[in-house]
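Shown next: run-v5.tsv, containing TSV, C-alpha atoms and all ligand atoms.
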chain	number	residue	atom	x	y	z
Z	1	MET	CA	-41.27	-41.51	-72.43
Z	2	ILE	CA	-43.10	-38.53	-70.90
Z	3	THR	CA	-44.68	-38.23	-67.46
Z	4	LEU	CA	-46.31	-35.09	-66.19
Z	5	SER	CA	-47.39	-35.08	-62.54
Z	6	LYS	CA	-49.63	-32.43	-61.07
Z	7	ILE	CA	-48.24	-29.92	-63.52
Z	8	ALA	CA	-49.53	-26.35	-63.36
Z	9	LYS	CA	-48.63	-23.08	-65.00
Z	10	VAL	CA	-50.01	-19.82	-63.70
Z	11	PHE	CA	-49.35	-16.53	-65.49
Z	12	ASN	CA	-49.53	-13.34	-63.50
Z	13	THR	CA	-51.09	-10.67	-65.64
Z	14	LYS	CA	-52.29	-7.12	-65.02
Z	15	ASP	CA	-55.79	-8.55	-64.77
Z	16	GLY	CA	-54.81	-11.17	-62.22
Z	17	GLU	CA	-53.74	-14.80	-62.36
Z	18	VAL	CA	-54.36	-16.97	-65.42
Z	19	LYS	CA	-54.21	-20.73	-64.82
Z	20	ALA	CA	-53.10	-21.80	-68.31
Z	21	VAL	CA	-52.40	-25.39	-67.19
Z	22	ASP	CA	-54.24	-26.60	-64.13
Z	23	ASN	CA	-52.88	-29.64	-62.31
Z	24	ILE	CA	-52.46	-32.06	-65.18
Z	25	ASP	CA	-51.28	-35.68	-64.88
Z	26	LEU	CA	-50.32	-37.28	-68.18
Z	27	THR	CA	-48.26	-40.22	-69.40
Z	28	ILE	CA	-47.13	-40.67	-72.99
Z	29	ASP	CA	-45.51	-43.92	-74.07
Z	30	LYS	CA	-42.43	-44.44	-76.21
Z	31	GLY	CA	-43.23	-44.58	-79.92
Z	32	GLU	CA	-46.71	-43.16	-79.47
Z	33	ILE	CA	-48.31	-40.37	-81.51
Z	34	PHE	CA	-50.22	-38.46	-78.87
Z	35	GLY	CA	-52.55	-35.60	-79.72
Z	36	VAL	CA	-53.87	-32.82	-77.52
Z	37	ILE	CA	-56.95	-31.10	-78.88
Z	38	GLY	CA	-58.74	-28.03	-77.60
Z	39	TYR	CA	-60.09	-24.67	-78.64
Z	40	SER	CA	-58.06	-21.48	-78.55
Z	41	GLY	CA	-57.06	-20.57	-75.00
Z	42	ALA	CA	-57.48	-24.11	-73.62
Z	43	GLY	CA	-53.79	-24.18	-72.63
Z	44	LYS	CA	-52.38	-26.50	-75.31
Z	45	SER	CA	-49.41	-24.33	-76.30
Z	46	THR	CA	-48.47	-23.80	-72.68
Z	47	LEU	CA	-48.71	-27.55	-72.02
Z	48	ILE	CA	-46.47	-28.51	-74.94
Z	49	ARG	CA	-43.96	-25.77	-74.05
Z	50	LEU	CA	-43.75	-27.20	-70.52
Z	51	LEU	CA	-42.41	-30.44	-72.00
Z	52	ASN	CA	-39.16	-28.84	-73.15
Z	53	MET	CA	-39.16	-26.17	-70.45
Z	54	LEU	CA	-39.79	-23.29	-72.85
Z	55	GLU	CA	-42.16	-22.55	-69.99
Z	56	ALA	CA	-41.12	-23.37	-66.43
Z	57	PRO	CA	-43.92	-24.99	-64.42
Z	58	THR	CA	-45.41	-23.14	-61.44
Z	59	SER	CA	-45.72	-26.54	-59.74
Z	60	GLY	CA	-45.50	-30.23	-60.58
Z	61	THR	CA	-42.91	-32.40	-62.30
Z	62	VAL	CA	-41.96	-33.08	-65.92
Z	63	GLU	CA	-40.04	-36.23	-66.88
Z	64	VAL	CA	-38.95	-36.65	-70.49
Z	65	ALA	CA	-36.74	-39.50	-71.74
Z	66	GLY	CA	-35.71	-40.34	-68.19
Z	67	LYS	CA	-34.76	-36.79	-67.19
Z	68	SER	CA	-36.51	-34.65	-64.58
Z	69	MET	CA	-36.68	-31.57	-66.76
Z	70	HIS	CA	-37.81	-29.21	-63.99
Z	71	THR	CA	-34.71	-29.88	-61.87
Z	72	LEU	CA	-32.01	-29.39	-64.53
Z	73	SER	CA	-29.44	-26.62	-64.56
Z	74	ARG	CA	-29.34	-24.40	-67.64
Z	75	GLN	CA	-26.44	-26.39	-69.11
Z	76	LYS	CA	-28.02	-29.79	-68.46
Z	77	LEU	CA	-31.32	-28.52	-69.82
Z	78	ARG	CA	-29.59	-27.57	-73.08
Z	79	ALA	CA	-28.32	-31.14	-73.40
Z	80	ALA	CA	-31.71	-32.63	-72.46
Z	81	ARG	CA	-33.42	-30.48	-75.10
Z	82	GLN	CA	-31.41	-32.25	-77.78
Z	83	GLU	CA	-33.65	-35.24	-77.12
Z	84	ILE	CA	-36.71	-33.10	-77.89
Z	85	GLY	CA	-37.25	-31.62	-81.36
Z	86	MET	CA	-40.00	-29.11	-82.02
Z	87	ILE	CA	-41.87	-27.82	-85.07
Z	88	PHE	CA	-44.10	-24.77	-85.25
Z	89	GLN	CA	-47.16	-23.46	-87.09
Z	90	HIS	CA	-45.14	-20.73	-88.83
Z	91	PHE	CA	-42.07	-22.92	-89.33
Z	92	ASN	CA	-39.59	-20.51	-87.58
Z	93	LEU	CA	-36.93	-20.92	-90.29
Z	94	LEU	CA	-33.94	-18.65	-90.72
Z	95	TRP	CA	-34.76	-16.73	-93.90
Z	96	SER	CA	-31.18	-15.77	-94.80
Z	97	ARG	CA	-30.04	-19.40	-94.71
Z	98	THR	CA	-30.57	-22.08	-97.34
Z	99	VAL	CA	-32.56	-25.26	-96.65
Z	100	ALA	CA	-29.33	-27.19	-95.99
Z	101	GLU	CA	-28.01	-24.45	-93.71
Z	102	ASN	CA	-31.26	-24.33	-91.77
Z	103	ILE	CA	-31.14	-28.07	-91.21
Z	104	ALA	CA	-27.45	-27.89	-90.24
Z	105	PHE	CA	-28.09	-25.15	-87.66
Z	106	PRO	CA	-28.63	-27.39	-84.59
Z	107	LEU	CA	-25.63	-29.48	-85.65
Z	108	GLU	CA	-23.43	-26.37	-85.81
Z	109	ILE	CA	-24.53	-25.39	-82.32
Z	110	LYS	CA	-23.67	-28.84	-81.06
Z	111	GLY	CA	-20.18	-28.54	-82.62
Z	112	VAL	CA	-20.54	-31.37	-85.14
Z	113	SER	CA	-17.76	-31.40	-87.79
Z	114	LYS	CA	-18.51	-29.93	-91.25
Z	115	THR	CA	-18.16	-33.32	-92.96
Z	116	GLU	CA	-20.53	-34.97	-90.52
Z	117	GLN	CA	-22.96	-32.07	-90.83
Z	118	LYS	CA	-23.05	-32.47	-94.60
Z	119	GLU	CA	-23.68	-36.20	-94.37
Z	120	ARG	CA	-26.44	-35.81	-91.81
Z	121	VAL	CA	-28.10	-32.96	-93.74
Z	122	ASN	CA	-28.18	-35.10	-96.89
Z	123	GLU	CA	-29.79	-37.97	-94.96
Z	124	LEU	CA	-32.42	-35.64	-93.50
Z	125	ILE	CA	-33.19	-33.98	-96.83
Z	126	LYS	CA	-33.88	-37.42	-98.23
Z	127	LEU	CA	-35.95	-38.47	-95.22
Z	128	VAL	CA	-38.31	-35.49	-95.58
Z	129	GLY	CA	-38.51	-35.63	-99.38
Z	130	LEU	CA	-36.64	-32.41	-100.23
Z	131	GLU	CA	-34.04	-33.84	-102.60
Z	132	GLY	CA	-32.63	-31.18	-104.92
Z	133	ARG	CA	-33.83	-28.27	-102.74
Z	134	GLY	CA	-30.88	-28.01	-100.32
Z	135	GLY	CA	-29.63	-24.79	-101.96
Z	136	SER	CA	-33.02	-23.04	-102.00
Z	137	TYR	CA	-34.00	-20.31	-99.56
Z	138	PRO	CA	-37.19	-20.64	-97.44
Z	139	SER	CA	-38.85	-17.83	-99.44
Z	140	GLN	CA	-38.56	-20.03	-102.54
Z	141	LEU	CA	-40.48	-22.92	-100.94
Z	142	SER	CA	-44.17	-23.75	-100.54
Z	143	GLY	CA	-45.68	-23.97	-97.05
Z	144	GLY	CA	-45.49	-27.76	-97.06
Z	145	GLN	CA	-41.84	-27.69	-98.11
Z	146	LYS	CA	-41.04	-25.14	-95.38
Z	147	GLN	CA	-42.57	-27.48	-92.80
Z	148	ARG	CA	-40.46	-30.33	-94.21
Z	149	VAL	CA	-37.37	-28.19	-93.52
Z	150	GLY	CA	-38.73	-27.58	-90.01
Z	151	ILE	CA	-39.12	-31.31	-89.48
Z	152	ALA	CA	-35.64	-32.11	-90.83
Z	153	ARG	CA	-34.11	-29.45	-88.56
Z	154	ALA	CA	-36.03	-30.79	-85.56
Z	155	LEU	CA	-34.69	-34.29	-86.26
Z	156	ALA	CA	-31.08	-33.24	-86.84
Z	157	ASN	CA	-29.86	-34.27	-83.38
Z	158	ASN	CA	-31.73	-37.60	-83.42
Z	159	PRO	CA	-34.23	-36.65	-80.73
Z	160	GLN	CA	-36.44	-39.20	-78.98
Z	161	VAL	CA	-39.42	-36.88	-78.89
Z	162	LEU	CA	-40.91	-34.54	-81.49
Z	163	LEU	CA	-43.26	-31.78	-80.35
Z	164	CYS	CA	-45.60	-30.34	-82.98
Z	165	ASP	CA	-47.23	-27.02	-82.16
Z	166	GLU	CA	-50.17	-26.65	-84.61
Z	167	ALA	CA	-47.73	-27.81	-87.29
Z	168	THR	CA	-50.30	-28.05	-90.07
Z	169	SER	CA	-52.63	-25.19	-89.14
Z	170	ALA	CA	-51.12	-22.82	-91.73
Z	171	LEU	CA	-51.37	-25.38	-94.54
Z	172	ASP	CA	-54.11	-26.28	-97.03
Z	173	PRO	CA	-55.91	-29.66	-96.57
Z	174	LYS	CA	-53.87	-31.55	-99.18
Z	175	THR	CA	-50.53	-30.28	-97.89
Z	176	THR	CA	-51.71	-30.96	-94.32
Z	177	ASP	CA	-52.29	-34.59	-95.27
Z	178	SER	CA	-48.86	-34.94	-96.89
Z	179	ILE	CA	-47.16	-33.54	-93.76
Z	180	LEU	CA	-49.24	-35.83	-91.53
Z	181	ASP	CA	-48.23	-38.81	-93.72
Z	182	LEU	CA	-44.60	-37.77	-93.29
Z	183	LEU	CA	-45.00	-37.65	-89.50
Z	184	VAL	CA	-46.49	-41.17	-89.48
Z	185	ASP	CA	-43.64	-42.36	-91.69
Z	186	ILE	CA	-41.02	-40.87	-89.35
Z	187	ASN	CA	-42.80	-42.28	-86.31
Z	188	LYS	CA	-42.64	-45.77	-87.84
Z	189	LYS	CA	-39.13	-45.53	-89.29
Z	190	LEU	CA	-37.44	-43.94	-86.27
Z	191	GLY	CA	-39.73	-45.10	-83.44
Z	192	LEU	CA	-40.00	-41.44	-82.52
Z	193	THR	CA	-42.53	-40.36	-79.87
Z	194	ILE	CA	-44.65	-37.54	-81.26
Z	195	VAL	CA	-46.75	-35.10	-79.24
Z	196	LEU	CA	-48.92	-32.73	-81.21
Z	197	ILE	CA	-51.38	-30.03	-80.37
Z	198	THR	CA	-54.19	-29.04	-82.69
Z	199	HIS	CA	-57.71	-27.69	-82.86
Z	200	GLU	CA	-58.58	-30.00	-85.78
Z	201	MET	CA	-60.05	-33.45	-85.12
Z	202	HIS	CA	-59.03	-34.45	-88.64
Z	203	VAL	CA	-55.37	-34.33	-87.53
Z	204	ILE	CA	-56.14	-36.50	-84.50
Z	205	ARG	CA	-58.15	-38.98	-86.56
Z	206	LYS	CA	-55.52	-39.31	-89.23
Z	207	ILE	CA	-52.36	-39.91	-87.21
Z	208	CYS	CA	-52.80	-40.12	-83.44
Z	209	HIS	CA	-52.92	-43.30	-81.39
Z	210	ARG	CA	-54.22	-41.55	-78.29
Z	211	VAL	CA	-55.78	-38.17	-77.64
Z	212	ALA	CA	-56.40	-35.84	-74.72
Z	213	VAL	CA	-59.10	-33.18	-74.87
Z	214	MET	CA	-58.22	-29.94	-73.10
Z	215	GLU	CA	-60.54	-27.27	-71.73
Z	216	SER	CA	-59.69	-24.38	-69.38
Z	217	GLY	CA	-56.25	-25.75	-68.53
Z	218	LYS	CA	-57.50	-29.26	-67.68
Z	219	ILE	CA	-57.66	-32.56	-69.53
Z	220	VAL	CA	-61.37	-33.34	-69.58
Z	221	GLU	CA	-61.13	-36.65	-71.42
Z	222	GLN	CA	-58.45	-38.91	-72.86
Z	223	GLY	CA	-58.13	-42.31	-74.47
Z	224	ASP	CA	-57.45	-44.33	-77.62
Z	225	VAL	CA	-58.56	-42.39	-80.68
Z	226	LEU	CA	-60.95	-45.10	-81.86
Z	227	ASP	CA	-62.58	-45.36	-78.40
Z	228	ILE	CA	-62.98	-41.61	-78.20
Z	229	PHE	CA	-64.65	-41.61	-81.62
Z	230	ARG	CA	-66.91	-44.48	-80.59
Z	231	ARG	CA	-67.93	-43.15	-77.20
Z	232	PRO	CA	-67.11	-39.51	-76.57
Z	233	LYS	CA	-68.28	-38.70	-73.05
Z	234	GLN	CA	-67.80	-34.98	-72.56
Z	235	GLU	CA	-69.76	-32.37	-74.57
Z	236	MET	CA	-66.49	-30.82	-75.74
Z	237	THR	CA	-65.25	-34.19	-77.04
Z	238	LYS	CA	-68.55	-34.82	-78.81
Z	239	GLU	CA	-68.17	-31.49	-80.61
Z	240	PHE	CA	-64.68	-32.38	-81.81
Z	241	VAL	CA	-65.75	-35.86	-82.94
Z	242	LYS	CA	-68.59	-34.28	-84.90
Z	243	GLN	CA	-66.03	-32.18	-86.83
Z	244	VAL	CA	-65.00	-35.40	-88.57
Z	245	THR	CA	-68.06	-37.65	-88.49
Z	246	GLU	CA	-70.82	-35.16	-89.01
Z	247	PRO	CA	-69.46	-32.19	-90.85
Z	248	GLU	CA	-71.74	-29.21	-91.39
Z	249	GLU	CA	-73.13	-30.50	-94.69
Z	250	THR	CA	-74.30	-33.72	-93.00
Z	251	GLU	CA	-76.03	-31.76	-90.28
Z	252	GLU	CA	-77.70	-29.50	-92.84
Z	253	ALA	CA	-78.76	-32.38	-95.07
Z	254	LEU	CA	-80.25	-34.25	-92.10
Z	255	LYS	CA	-82.07	-31.19	-90.85
Z	256	HIS	CA	-83.58	-30.78	-94.28
Z	257	LEU	CA	-84.64	-34.45	-94.40
Z	258	LEU	CA	-86.08	-34.46	-90.88
Z	259	ASP	CA	-88.36	-31.58	-91.82
Z	260	LYS	CA	-89.93	-33.70	-94.58
Z	261	GLU	CA	-93.29	-35.42	-94.16
Z	262	GLY	CA	-93.21	-39.19	-93.83
Z	263	ILE	CA	-89.50	-39.45	-93.14
Z	264	GLY	CA	-90.23	-42.25	-90.66
Z	265	HIS	CA	-87.87	-43.14	-87.84
Z	266	VAL	CA	-84.32	-41.93	-88.30
Z	267	LEU	CA	-81.52	-43.99	-86.78
Z	268	GLN	CA	-77.84	-43.19	-86.47
Z	269	LEU	CA	-75.66	-46.29	-86.55
Z	270	THR	CA	-72.02	-46.19	-85.51
Z	271	PHE	CA	-69.63	-48.81	-86.79
Z	272	VAL	CA	-66.12	-49.40	-85.48
Z	273	GLY	CA	-63.23	-51.47	-86.89
Z	274	GLY	CA	-64.33	-54.62	-88.78
Z	275	ASP	CA	-68.02	-53.65	-88.28
Z	276	THR	CA	-67.74	-51.20	-91.18
Z	277	GLN	CA	-67.62	-54.09	-93.64
Z	278	ARG	CA	-70.64	-55.98	-92.30
Z	279	PRO	CA	-73.79	-56.38	-94.39
Z	280	LEU	CA	-75.99	-55.22	-91.52
Z	281	ILE	CA	-78.55	-53.41	-93.67
Z	282	THR	CA	-79.04	-56.50	-95.86
Z	283	ASP	CA	-79.53	-58.60	-92.70
Z	284	ILE	CA	-82.19	-56.20	-91.40
Z	285	VAL	CA	-84.13	-56.18	-94.66
Z	286	ARG	CA	-84.06	-59.99	-94.82
Z	287	LYS	CA	-85.16	-60.43	-91.22
Z	288	PHE	CA	-87.77	-57.69	-90.80
Z	289	ASP	CA	-90.66	-56.36	-92.84
Z	290	VAL	CA	-89.43	-52.77	-92.90
Z	291	ASN	CA	-88.47	-50.27	-95.58
Z	292	ILE	CA	-85.05	-48.68	-95.22
Z	293	SER	CA	-83.68	-45.59	-96.92
Z	294	ILE	CA	-80.04	-44.66	-96.54
Z	295	LEU	CA	-79.82	-40.94	-95.82
Z	296	GLN	CA	-76.12	-40.28	-95.18
Z	297	GLY	CA	-73.04	-42.33	-94.51
Z	298	LYS	CA	-69.33	-41.90	-94.01
Z	299	ILE	CA	-66.36	-44.08	-93.08
Z	300	SER	CA	-63.21	-42.51	-91.62
Z	301	GLN	CA	-59.87	-44.19	-91.14
Z	302	THR	CA	-57.89	-43.87	-87.88
Z	303	GLN	CA	-54.48	-45.31	-86.98
Z	304	HIS	CA	-56.25	-48.16	-85.14
Z	305	GLY	CA	-58.95	-49.03	-87.67
Z	306	SER	CA	-62.00	-47.59	-89.37
Z	307	TYR	CA	-64.93	-45.75	-87.91
Z	308	GLY	CA	-68.19	-45.07	-89.68
Z	309	SER	CA	-71.58	-43.58	-89.13
Z	310	LEU	CA	-74.69	-44.21	-91.16
Z	311	PHE	CA	-78.04	-42.45	-91.01
Z	312	ILE	CA	-81.05	-44.49	-92.15
Z	313	SER	CA	-84.76	-43.92	-92.13
Z	314	LEU	CA	-87.08	-46.80	-91.29
Z	315	SER	CA	-90.78	-47.13	-91.87
Z	316	GLY	CA	-92.89	-49.93	-90.50
Z	317	GLU	CA	-94.94	-50.81	-87.44
Z	318	GLU	CA	-93.84	-49.41	-84.08
Z	319	LYS	CA	-93.13	-52.87	-82.65
Z	320	LEU	CA	-91.02	-53.76	-85.67
Z	321	ILE	CA	-88.92	-50.61	-85.28
Z	322	THR	CA	-88.18	-51.55	-81.66
Z	323	ASP	CA	-87.24	-55.06	-82.80
Z	324	VAL	CA	-84.90	-53.66	-85.46
Z	325	VAL	CA	-83.22	-51.37	-82.92
Z	326	ASP	CA	-82.78	-54.32	-80.54
Z	327	TYR	CA	-81.39	-56.45	-83.36
Z	328	ILE	CA	-78.84	-53.75	-84.27
Z	329	LYS	CA	-77.80	-53.51	-80.62
Z	330	SER	CA	-77.44	-57.29	-80.44
Z	331	GLN	CA	-74.97	-57.02	-83.34
Z	332	GLN	CA	-72.77	-54.78	-81.12
Z	333	VAL	CA	-73.37	-51.80	-83.37
Z	334	GLU	CA	-74.17	-48.54	-81.60
Z	335	VAL	CA	-77.58	-47.17	-82.52
Z	336	GLU	CA	-79.44	-44.02	-81.60
Z	337	VAL	CA	-82.95	-43.07	-82.68
Z	338	ILE	CA	-82.50	-39.41	-83.57
Z	339	HIS	CA	-86.04	-38.86	-84.88
Z	340	SER	CA	-89.32	-40.72	-84.24
Z	341	ALA	CA	-92.12	-40.71	-86.80
I	401	LIG	N1	-47.07	-15.56	-71.51
I	401	LIG	C1	-48.32	-15.46	-71.09
I	401	LIG	N2	-48.69	-14.52	-70.22
I	401	LIG	C2	-49.96	-14.42	-69.75
I	401	LIG	N3	-50.95	-15.27	-70.10
I	401	LIG	C3	-50.66	-16.24	-70.98
I	401	LIG	C4	-49.34	-16.39	-71.52
I	401	LIG	N4	-49.35	-17.45	-72.36
I	401	LIG	C5	-50.61	-17.94	-72.36
I	401	LIG	N5	-51.39	-17.21	-71.53
I	401	LIG	C6	-52.82	-17.45	-71.25
I	401	LIG	O1	-52.98	-18.82	-70.89
I	401	LIG	C7	-54.16	-19.37	-71.46
I	401	LIG	C8	-53.82	-20.56	-72.33
I	401	LIG	O2	-53.09	-20.13	-73.47
I	401	LIG	P1	-52.46	-21.11	-74.54
I	401	LIG	O3	-51.77	-20.29	-75.58
I	401	LIG	O4	-51.65	-22.14	-73.84
I	401	LIG	O5	-53.76	-21.80	-75.14
I	401	LIG	P2	-53.94	-22.61	-76.51
I	401	LIG	O6	-54.90	-23.68	-76.24
I	401	LIG	O7	-52.60	-22.99	-77.03
I	401	LIG	O8	-54.60	-21.53	-77.45
I	401	LIG	P3	-54.08	-21.01	-78.88
I	401	LIG	O9	-54.26	-22.15	-79.82
I	401	LIG	O10	-54.97	-19.85	-79.18
I	401	LIG	O11	-52.63	-20.61	-78.67
I	401	LIG	C9	-54.83	-18.22	-72.21
I	401	LIG	O12	-55.80	-17.65	-71.38
I	401	LIG	C10	-53.70	-17.24	-72.46
I	401	LIG	O13	-54.18	-15.93	-72.54

Please express what this file holds, its structure, as structure tokens.
Amino acid sequence: MITLSKIAKVFNTKDGEVKAVDNIDLTIDKGEIFGVIGYSGAGKSTLIRLLNMLEAPTSGTVEVAGKSMHTLSRQKLRAARQEIGMIFQHFNLLWSRTVAENIAFPLEIKGVSKTEQKERVNELIKLVGLEGRGGSYPSQLSGGQKQRVGIARALANNPQVLLCDEATSALDPKTTDSILDLLVDINKKLGLTIVLITHEMHVIRKICHRVAVMESGKIVEQGDVLDIFRRPKQEMTKEFVKQVTEPEETEEALKHLLDKEGIGHVLQLTFVGGDTQRPLITDIVRKFDVNISILQGKISQTQHGSYGSLFISLSGEEKLITDVVDYIKSQQVEVEVIHSA
């Protein structure tokens, strides 16, 4: 659905050139929810804006839904953009228009008849769960409801691609989850390809199929979300994965435990997919003469299955500990000794 080849965007500023996007190649499949994660300044906004030509590339090519976006005339670009909806962090609604009028706006521009507009707006209001709010003004809505209007408006022209620019960053965690659920629902119902940018790994974990990690204008790592969780390679990726698997409290709690006398060996086990339901700890206790204490554990759900990490402490003879570690490895569960007694 989307192919970027050797795409670059250089801004000329008073202080010299800024390479916001630096020679990126990227392919996104039809029907996929693809996430781009990175810290502030990594180039995510510029990258997503290159997809609908809100930014023109300095070099490289952009293909979206079969069109070479970078070659289109202004008029053709306007038509091509109807295949690409976009939603924003601060919603970008028209404050003097009602919900229904906001959603109808792209249809008006396209010259759709009033009757058809009304029908389509009603469908969209239903799709995003805003029944009964068509006559309200944006100022009368909560943040989550405003984003629902943004989504309905972005879908008005039946696009093939939806771009989400930090769409949940202004929302509280519960509202974020309800908007993410809506995006998954729309992706499934309409087969829509979704590209989102975020600085929160929670967003990636919850809805994305694949993810690219961006740093200084480049993609430093990309892959299936579950694989990236299982084996992050780059330091930057490891940091983002930790946001979800080892939040600050876990780190603090572990630090506290590791400082204690007689904590023994501390192992971090990582389970993926069906592994999370296996009675591995029971197996270890039955097979080996060791004592196990469970220190911390967490299972997270991704679009492609579950992912969990468990911290345990083991006490027993040195040789036995090695045997336990080998046994865990033989069960295809990732294990790392993070503290030796
Ligand atoms: N219009 C512009 N003119 C000059 N420099 C720009 C422009 N837009 C972005 N940049 C620069 O390009 C780099 C990437 O910015 P970009 O906004 O794409 O990053 P980001 O990852 O989206 O960060 P944020 O989440 O903070 O927006 C930054 O160094 C930024 O200062």

May I ask for the distance between atom CA of His209 of chain Z and atom CA of Gly35 of chain Z, given in Å to one decimal place?
7.9 Å

Residues within 9 Å of (-48.2, -24.4, -56.8), file coords, only C-alpha atoms, listed as a list in words:
Ile7, Ala8, Lys9, Val10, Asn23, Pro57, Thr58, Ser59 and Gly60 of chain Z

Set out as JSON lines a contact list for chain Z and ligand LIG 401 (chain I) with a cut-off of 6 Å, giving each residue of chain Z that qualifies its closest atom pair and distance in Å to one decimal, counting all atoms listed in the file, ordered by chain and rising residue number.
{"residue": "Z:Phe11", "atom": "CA", "partner": "I:LIG401", "partner_atom": "C2", "distance": 4.8}
{"residue": "Z:Thr13", "atom": "CA", "partner": "I:LIG401", "partner_atom": "C2", "distance": 5.7}
{"residue": "Z:Val18", "atom": "CA", "partner": "I:LIG401", "partner_atom": "O1", "distance": 5.9}
{"residue": "Z:Ala20", "atom": "CA", "partner": "I:LIG401", "partner_atom": "O1", "distance": 3.9}
{"residue": "Z:Gly38", "atom": "CA", "partner": "I:LIG401", "partner_atom": "O6", "distance": 6.0}
{"residue": "Z:Tyr39", "atom": "CA", "partner": "I:LIG401", "partner_atom": "O6", "distance": 5.8}
{"residue": "Z:Ser40", "atom": "CA", "partner": "I:LIG401", "partner_atom": "O10", "distance": 3.5}
{"residue": "Z:Gly41", "atom": "CA", "partner": "I:LIG401", "partner_atom": "O5", "distance": 3.5}
{"residue": "Z:Ala42", "atom": "CA", "partner": "I:LIG401", "partner_atom": "O6", "distance": 3.7}
{"residue": "Z:Gly43", "atom": "CA", "partner": "I:LIG401", "partner_atom": "O4", "distance": 3.2}
{"residue": "Z:Lys44", "atom": "CA", "partner": "I:LIG401", "partner_atom": "O6", "distance": 3.9}
{"residue": "Z:Ser45", "atom": "CA", "partner": "I:LIG401", "partner_atom": "O7", "distance": 3.5}
{"residue": "Z:Thr46", "atom": "CA", "partner": "I:LIG401", "partner_atom": "O4", "distance": 3.8}

Within 8 Å of segment 65-77 of chain Z using all atoms listed in the file, minus same-chain residues under 3 positions, as a list in words:
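Contacts, in chain order: Met1, Ile2, Leu51, Asn52, Met53, Ala56, Pro57, Thr61, Val62, Ala80, Arg81, Glu83 and Gln160 of chain Z.
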
Near-segment 231-245 of chain Z list (7 Å; all atoms listed in the file; drop same-chain fewer than 5 positions) as number ranges by chain
Z: 201-202, 213, 221, 309

Mind dumping the selected residues with C-alpha atoms as a tab-separated table (two decimals), in the coordinates of the input?
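In the end it all went to part_16.tsv:
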chain	number	residue	atom	x	y	z
Z	201	MET	CA	-60.05	-33.45	-85.12
Z	202	HIS	CA	-59.03	-34.45	-88.64
Z	213	VAL	CA	-59.10	-33.18	-74.87
Z	221	GLU	CA	-61.13	-36.65	-71.42
Z	309	SER	CA	-71.58	-43.58	-89.13

From the list Z:Leu320, Z:Ala156, Z:Leu180, Z:Ile151, which residue is nearest Asn122 of chain Z when using all atoms listed in the file?
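Closest to Asn122 of chain Z, using all atoms listed in the file: Z:Ala156.
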
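Distances from Z:Glu32, Z:Asp283, Z:Asp289, Z:Glu336 to Glu317 of chain Z were compared using all atoms listed in the file, and the smallest one belongs to Z:Asp289.
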
Mind running segment 168-240 of chain Z against segment 135-150 of chain Z at 8 Å and telling me each contacting residue's nearest atom pair with the distance in Å (one decimal), counting only C-alpha atoms, chain and number ascending, as JSON lines?
{"residue": "Z:Ala170", "atom": "CA", "partner": "Z:Gly143", "partner_atom": "CA", "distance": 7.7}
{"residue": "Z:Leu171", "atom": "CA", "partner": "Z:Gly143", "partner_atom": "CA", "distance": 6.4}
{"residue": "Z:Thr175", "atom": "CA", "partner": "Z:Gly144", "partner_atom": "CA", "distance": 5.7}
{"residue": "Z:Thr176", "atom": "CA", "partner": "Z:Gly144", "partner_atom": "CA", "distance": 7.5}
{"residue": "Z:Ser178", "atom": "CA", "partner": "Z:Gly144", "partner_atom": "CA", "distance": 7.9}
{"residue": "Z:Ile179", "atom": "CA", "partner": "Z:Gly144", "partner_atom": "CA", "distance": 6.9}

Distance criterion (all atoms listed in the file): nearest to Val203 of chain Z out of Z:Asn187, Z:Gln222, Z:Gln303, Z:Gln296:
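Ranking Z:Asn187, Z:Gln222, Z:Gln303, Z:Gln296 by distance to Val203 of chain Z, first place goes to Z:Gln303.
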
Work out how far apart atom CA of Gly191 of chain Z and atom CA of Ala154 of chain Z are and give it in Å to one decimal.
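For atom CA of Gly191 of chain Z relative to atom CA of Ala154 of chain Z, the distance reads 14.9 Å.
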
Nearest to Leu267 of chain Z by atom-to-atom distance, counting only C-alpha atoms, from Z:Phe88, Z:Trp95, Z:Tyr327, Z:Phe311:
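Closest candidate: Z:Phe311.
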
Point-to-point distance in Å for atom CA of Thr3 of chain Z and atom CA of Ile28 of chain Z:
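Pair atom CA of Ile28 of chain Z / atom CA of Thr3 of chain Z returns 6.5 Å.
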
Restricting the calculation to only C-alpha atoms, which member of Z:Val272, Z:Val184, Z:Cys208, Z:Val112 is positioned closest to Gln332 of chain Z?
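Between Z:Val272, Z:Val184, Z:Cys208, Z:Val112, the residue approaching Gln332 of chain Z most closely is Z:Val272.
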
Considering only C-alpha atoms, state which residue in the set Z:Ile186, Z:Leu124, Z:Ile219, Z:Ala100 is at the smallest distance from Asp25 of chain Z.
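Residue with the minimum atom-to-atom distance to Asp25 of chain Z: Z:Ile219.
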
For Ile125 of chain Z, list every protein, DNA or RNA residue within 9 Å, evaluated using all atoms listed in the file, and leave out those in the same chain fewer than 2 positions away; present the list as an MDAnalysis selection string.
chainID Z and resid 99:100 103 120:123 127:134 148:149 152

Leu254 of chain Z environment, 8 Å, only C-alpha atoms, sequence neighbours closer than 3 positions dropped, as a short mmCIF file (atom, residue, chain, number, x, y, z; two decimals) with C-alpha atoms, in the frame of the given file:
data_model
loop_
_atom_site.label_atom_id
_atom_site.label_comp_id
_atom_site.auth_asym_id
_atom_site.auth_seq_id
_atom_site.Cartn_x
_atom_site.Cartn_y
_atom_site.Cartn_z
CA THR Z 250 -74.30 -33.72 -93.00
CA GLU Z 251 -76.03 -31.76 -90.28
CA LEU Z 257 -84.64 -34.45 -94.40
CA LEU Z 258 -86.08 -34.46 -90.88
CA LEU Z 295 -79.82 -40.94 -95.82
CA GLN Z 296 -76.12 -40.28 -95.18
#
